[in-house]
Number of protein chains: 4
Amino acid sequence: MTPTDAQTACFEAGIKFGSLYHQFAGTPVTPASAPSLARAMEEAIENQPHCVDVTVDVNTELLAETIEAGSATYTELTGEFIDVELTVEYEKITVVAEMELVDGYPLMSLGSVDGSDCS
Amino acid sequence: MTPTDAQTACFEAGIKFGSLYHQFAGTPVTPASAPSLARAMEEAIENQPHCVDVTVDVNTELLAETIEAGSATYTELTGEFIDVELTVEYEKITVVAEMELVDGYPLMSLGSVDGSDCS
Amino acid sequence: MTPTDAQTACFEAGIKFGSLYHQFAGTPVTPASAPSLARAMEEAIENQPHCVDVTVDVNTELLAETIEAGSATYTELTGEFIDVELTVEYEKITVVAEMELVDGYPLMSLGSVDGSDCS
Amino acid sequence: MTPTDAQTACFEAGIKFGSLYHQFAGTPVTPASAPSLARAMEEAIENQPHCVDVTVDVNTELLAETIEAGSATYTELTGEFIDVELTVEYEKITVVAEMELVDGYPLMSLGSVDGSDCS
């Protein structure tokens, strides 16, 4: 079947998450450099079509613990260090999606899909 | 509203596209190395949850022309060089999505969303 | 032969350039989001061992022209849009290296290698 | 001081390592998909200037253990899973460099720098 607007909005939200994650995973990061990285991630992904808002929170405490436990002075960004919430608007549909750590594994999920024709 | 299975399936398809694109964009590539890159892209993304098939076709003719026109012996992978089709199965929903060059710009879109409960 | 300190310092400078380029190439960017991306690139790579300074300048004029000429509202970061200068200190050696656009192609090169034992 | 050919060769070797690492870190990988990823990494980086050989070995045993210990069916490529050796030839200089796991941390280092004018 032809996709509905709501389905397309969800597809667009997924694209943003995959982009954000795989563009920035592996970036050298410390608690001190986390804010500039978070800001760049937000502004980069907000450039993508239909993406109206992105919020990236870096868990700097976990970052500090991880660096403390290792032999280097920094670590590499992975999903375990970030919470992300983003909002996509496509036609009359608004999708909110998030990424959170669930059982030690970063899980991307749809929060809500709202709009006048939300099938 | 709570997302339907079909919406979640479309979200998952979007994640795969964003991942594939932003993981591999920028890779040094020539017509000779294109096949190994295409295969790695397919197998990497097929590892992701609910992704049952990925096909990557590299336009080696355009690649050759681009290299010919430049001053280097290779170029970097961008969306203009690849056609991608992928299939996601989530619960009883099957989503087919593709990326193609439209007006010189790589466009990711949902092809079809099918299943017993496809709202 | 066993590498000299100066050779190791140059190797380290190269690592930083390859990292910076391939971590961030492909990021969605506009003139408005370029400053946050440049700052994140600088701070990320400065985390790496022996790297004491990184300066990234984005050519926002070329960025604007490229976006104007295309069908999207943003473009993806490639080497043609950025000038980079970085400084590595290893043992008693200081290396300055840069990336600039030469004949339309981003060229990474060593600027100077200085120190007490600079062979 | 102006860089010597040997120093430039070492700089070039560093570029290849940084590129390889940050292009491919974060790629979804399993023991089954590791060979195609390793091959793509080798062929991609061999495209870069002055790079005559790249060998990537994936530690599929460690990969399997890591996946076993987690809640997902795959993991993401990081430096702990790969050994890399690469050879750069620049002017009359040959540089061999490698990346190996040292104390749980992937260390890139120059192996040898050889040639007629090797200062």
# chains A, B, ... in the order shown; residues from 1 in each chain; ligands from 1
call {"tool": "closest_atom_pairs", "arguments": {"of": "chain B", "to": "chain A", "cutoff": "6 Å", "atoms": "only C-alpha atoms", "output": "tab-separated table"}}
result
residue	atom	partner	partner_atom	distance
B:Met1	CA	A:Val113	CA	5.4
B:Thr2	CA	A:Ser112	CA	5.5
B:Pro3	CA	A:Val113	CA	5.9
B:Gln7	CA	A:Gln7	CA	4.9
B:Cys10	CA	A:Phe11	CA	4.7
B:Phe11	CA	A:Phe11	CA	4.4
B:Gly14	CA	A:Gly14	CA	4.0
B:Ile15	CA	A:Gly14	CA	4.2
B:Phe17	CA	A:Ile15	CA	5.9
B:Gly18	CA	A:Gly18	CA	4.1
B:Ser19	CA	A:Gly18	CA	4.2
B:His22	CA	A:Gln23	CA	5.0
B:Gln23	CA	A:His22	CA	5.0
B:Ser112	CA	A:Met1	CA	5.4
B:Val113	CA	A:Met1	CA	5.4
B:Asp114	CA	A:Met1	CA	5.7
B:Ser119	CA	A:Ser119	CA	5.2
call {"tool": "select_by_dssp", "arguments": {"residues": "chain C", "states": "strand (DSSP E)", "output": "JSON, numbers by chain"}}
result
{"C": [28, 29, 51, 52, 53, 54, 55, 56, 57, 58, 75, 76, 82, 83, 84, 85, 86, 87, 88, 89, 90, 93, 94, 95, 96, 97, 98, 99, 100, 101, 102, 105, 106, 107, 108, 109, 110, 111, 112, 113, 114, 115]}
call {"tool": "residues_around", "arguments": {"residues": "C:Ala40", "least_positions_apart": "4", "cutoff": "9 Å", "atoms": "only C-alpha atoms", "output": "count of residues only"}}
result
13
call {"tool": "residues_around", "arguments": {"residues": "B:Leu107", "least_positions_apart": "3", "cutoff": "10 Å", "atoms": "only C-alpha atoms", "output": "MDAnalysis selection string"}}
result
chainID B and resid 79:80 83 98:104
call {"tool": "calpha_fit_and_write", "arguments": {"fixed": "chain D", "moving": "chain C", "output": "PDB file with C-alpha atoms, in the first residue's frame"}}
result
ATOM      1  CA  MET C   1      62.037  23.617   9.225  1.00  0.00           C
ATOM      2  CA  THR C   2      60.796  22.265   5.926  1.00  0.00           C
ATOM      3  CA  PRO C   3      59.643  18.657   6.324  1.00  0.00           C
ATOM      4  CA  THR C   4      61.844  15.871   4.940  1.00  0.00           C
ATOM      5  CA  ASP C   5      60.466  13.195   2.637  1.00  0.00           C
ATOM      6  CA  ALA C   6      60.565  10.705   5.506  1.00  0.00           C
ATOM      7  CA  GLN C   7      58.516  13.049   7.710  1.00  0.00           C
ATOM      8  CA  THR C   8      55.989  13.572   4.932  1.00  0.00           C
ATOM      9  CA  ALA C   9      55.756   9.808   4.433  1.00  0.00           C
ATOM     10  CA  CYS C  10      54.984   9.414   8.152  1.00  0.00           C
ATOM     11  CA  PHE C  11      52.372  12.189   7.962  1.00  0.00           C
ATOM     12  CA  GLU C  12      50.732  10.355   5.054  1.00  0.00           C
ATOM     13  CA  ALA C  13      50.713   7.092   7.030  1.00  0.00           C
ATOM     14  CA  GLY C  14      48.988   8.883   9.902  1.00  0.00           C
ATOM     15  CA  ILE C  15      46.313  10.293   7.592  1.00  0.00           C
ATOM     16  CA  LYS C  16      45.472   6.777   6.421  1.00  0.00           C
ATOM     17  CA  PHE C  17      45.061   5.519  10.000  1.00  0.00           C
ATOM     18  CA  GLY C  18      42.882   8.381  11.126  1.00  0.00           C
ATOM     19  CA  SER C  19      40.762   7.993   7.988  1.00  0.00           C
ATOM     20  CA  LEU C  20      40.335   4.258   8.324  1.00  0.00           C
ATOM     21  CA  TYR C  21      39.425   4.476  11.971  1.00  0.00           C
ATOM     22  CA  HIS C  22      36.975   7.352  11.916  1.00  0.00           C
ATOM     23  CA  GLN C  23      35.331   6.397   8.640  1.00  0.00           C
ATOM     24  CA  PHE C  24      34.396   2.929   9.823  1.00  0.00           C
ATOM     25  CA  ALA C  25      34.104   3.139  13.640  1.00  0.00           C
ATOM     26  CA  GLY C  26      30.462   2.638  14.585  1.00  0.00           C
ATOM     27  CA  THR C  27      29.629   0.255  11.724  1.00  0.00           C
ATOM     28  CA  PRO C  28      27.243  -2.526  12.803  1.00  0.00           C
ATOM     29  CA  VAL C  29      29.258  -5.750  12.703  1.00  0.00           C
ATOM     30  CA  THR C  30      29.040  -9.474  13.491  1.00  0.00           C
ATOM     31  CA  PRO C  31      31.533 -12.307  12.978  1.00  0.00           C
ATOM     32  CA  ALA C  32      29.622 -13.138   9.773  1.00  0.00           C
ATOM     33  CA  SER C  33      29.808  -9.631   8.302  1.00  0.00           C
ATOM     34  CA  ALA C  34      33.351  -8.884   9.492  1.00  0.00           C
ATOM     35  CA  PRO C  35      35.087 -10.186   6.337  1.00  0.00           C
ATOM     36  CA  SER C  36      33.196  -7.875   3.958  1.00  0.00           C
ATOM     37  CA  LEU C  37      33.800  -4.914   6.236  1.00  0.00           C
ATOM     38  CA  ALA C  38      37.529  -5.699   6.527  1.00  0.00           C
ATOM     39  CA  ARG C  39      37.824  -5.988   2.750  1.00  0.00           C
ATOM     40  CA  ALA C  40      35.983  -2.692   2.180  1.00  0.00           C
ATOM     41  CA  MET C  41      38.237  -0.939   4.711  1.00  0.00           C
ATOM     42  CA  GLU C  42      41.358  -2.245   2.992  1.00  0.00           C
ATOM     43  CA  GLU C  43      40.263  -1.313  -0.522  1.00  0.00           C
ATOM     44  CA  ALA C  44      38.908   2.102   0.502  1.00  0.00           C
ATOM     45  CA  ILE C  45      42.098   3.220   2.205  1.00  0.00           C
ATOM     46  CA  GLU C  46      44.326   1.757  -0.515  1.00  0.00           C
ATOM     47  CA  ASN C  47      42.677   4.340  -2.802  1.00  0.00           C
ATOM     48  CA  GLN C  48      44.316   7.143  -0.846  1.00  0.00           C
ATOM     49  CA  PRO C  49      47.524   8.718  -2.182  1.00  0.00           C
ATOM     50  CA  HIS C  50      50.820   6.890  -1.539  1.00  0.00           C
ATOM     51  CA  CYS C  51      49.083   3.986   0.226  1.00  0.00           C
ATOM     52  CA  VAL C  52      50.281   0.737  -1.308  1.00  0.00           C
ATOM     53  CA  ASP C  53      48.872  -1.849   1.090  1.00  0.00           C
ATOM     54  CA  VAL C  54      46.382  -2.151   3.937  1.00  0.00           C
ATOM     55  CA  THR C  55      45.607  -5.313   5.919  1.00  0.00           C
ATOM     56  CA  VAL C  56      42.703  -5.380   8.373  1.00  0.00           C
ATOM     57  CA  ASP C  57      42.229  -8.359  10.678  1.00  0.00           C
ATOM     58  CA  VAL C  58      39.032  -8.495  12.694  1.00  0.00           C
ATOM     59  CA  ASN C  59      39.141 -10.363  15.997  1.00  0.00           C
ATOM     60  CA  THR C  60      35.933 -12.324  15.419  1.00  0.00           C
ATOM     61  CA  GLU C  61      36.347 -14.236  18.673  1.00  0.00           C
ATOM     62  CA  LEU C  62      36.253 -11.029  20.716  1.00  0.00           C
ATOM     63  CA  LEU C  63      33.386  -9.851  18.521  1.00  0.00           C
ATOM     64  CA  ALA C  64      31.411 -13.011  19.318  1.00  0.00           C
ATOM     65  CA  GLU C  65      32.123 -12.696  23.053  1.00  0.00           C
ATOM     66  CA  THR C  66      31.054  -9.058  23.077  1.00  0.00           C
ATOM     67  CA  ILE C  67      27.803  -9.815  21.262  1.00  0.00           C
ATOM     68  CA  GLU C  68      27.163 -12.793  23.571  1.00  0.00           C
ATOM     69  CA  ALA C  69      27.573 -10.548  26.617  1.00  0.00           C
ATOM     70  CA  GLY C  70      25.181  -7.875  25.332  1.00  0.00           C
ATOM     71  CA  SER C  71      21.492  -7.704  24.538  1.00  0.00           C
ATOM     72  CA  ALA C  72      21.800  -7.069  20.794  1.00  0.00           C
ATOM     73  CA  THR C  73      22.599  -9.461  17.938  1.00  0.00           C
ATOM     74  CA  TYR C  74      25.466  -7.324  16.661  1.00  0.00           C
ATOM     75  CA  THR C  75      27.924  -4.763  17.964  1.00  0.00           C
ATOM     76  CA  GLU C  76      29.577  -1.635  16.585  1.00  0.00           C
ATOM     77  CA  LEU C  77      33.087  -1.575  15.214  1.00  0.00           C
ATOM     78  CA  THR C  78      35.645  -0.030  17.545  1.00  0.00           C
ATOM     79  CA  GLY C  79      39.406  -0.209  17.580  1.00  0.00           C
ATOM     80  CA  GLU C  80      39.500  -3.033  20.086  1.00  0.00           C
ATOM     81  CA  PHE C  81      38.236  -5.453  17.416  1.00  0.00           C
ATOM     82  CA  ILE C  82      40.794  -4.778  14.699  1.00  0.00           C
ATOM     83  CA  ASP C  83      44.488  -5.134  13.941  1.00  0.00           C
ATOM     84  CA  VAL C  84      45.640  -3.020  11.018  1.00  0.00           C
ATOM     85  CA  GLU C  85      48.931  -2.877   9.150  1.00  0.00           C
ATOM     86  CA  LEU C  86      49.506  -0.445   6.319  1.00  0.00           C
ATOM     87  CA  THR C  87      52.350   0.538   4.025  1.00  0.00           C
ATOM     88  CA  VAL C  88      52.933   3.984   2.548  1.00  0.00           C
ATOM     89  CA  GLU C  89      55.478   4.799  -0.133  1.00  0.00           C
ATOM     90  CA  TYR C  90      56.382   8.431  -0.635  1.00  0.00           C
ATOM     91  CA  GLU C  91      59.290   9.443  -2.837  1.00  0.00           C
ATOM     92  CA  LYS C  92      61.970   6.886  -1.923  1.00  0.00           C
ATOM     93  CA  ILE C  93      60.655   6.234   1.587  1.00  0.00           C
ATOM     94  CA  THR C  94      58.648   3.226   2.766  1.00  0.00           C
ATOM     95  CA  VAL C  95      56.701   3.482   6.014  1.00  0.00           C
ATOM     96  CA  VAL C  96      55.021   0.550   7.747  1.00  0.00           C
ATOM     97  CA  ALA C  97      52.551   1.408  10.518  1.00  0.00           C
ATOM     98  CA  GLU C  98      50.191  -0.669  12.606  1.00  0.00           C
ATOM     99  CA  MET C  99      47.296  -0.527  15.009  1.00  0.00           C
ATOM    100  CA  GLU C 100      47.110  -3.066  17.800  1.00  0.00           C
ATOM    101  CA  LEU C 101      45.336  -3.446  21.098  1.00  0.00           C
ATOM    102  CA  VAL C 102      47.699  -2.438  23.932  1.00  0.00           C
ATOM    103  CA  ASP C 103      46.271  -2.573  27.471  1.00  0.00           C
ATOM    104  CA  GLY C 104      42.757  -2.644  26.059  1.00  0.00           C
ATOM    105  CA  TYR C 105      43.356   0.496  24.055  1.00  0.00           C
ATOM    106  CA  PRO C 106      43.919   0.569  20.265  1.00  0.00           C
ATOM    107  CA  LEU C 107      47.371   2.045  19.698  1.00  0.00           C
ATOM    108  CA  MET C 108      48.490   3.330  16.305  1.00  0.00           C
ATOM    109  CA  SER C 109      52.262   3.341  15.841  1.00  0.00           C
ATOM    110  CA  LEU C 110      55.003   3.590  13.261  1.00  0.00           C
ATOM    111  CA  GLY C 111      56.759   0.285  12.688  1.00  0.00           C
ATOM    112  CA  SER C 112      59.584   1.240  10.387  1.00  0.00           C
ATOM    113  CA  VAL C 113      60.704   4.082   8.163  1.00  0.00           C
ATOM    114  CA  ASP C 114      63.089   3.020   5.411  1.00  0.00           C
ATOM    115  CA  GLY C 115      64.662   4.484   2.328  1.00  0.00           C
ATOM    116  CA  SER C 116      67.672   6.068   0.786  1.00  0.00           C
ATOM    117  CA  ASP C 117      67.113   9.413   2.506  1.00  0.00           C
ATOM    118  CA  CYS C 118      65.499   8.497   5.711  1.00  0.00           C
ATOM    119  CA  SER C 119      66.124  11.481   7.920  1.00  0.00           C
TER     120      SER C 119
END
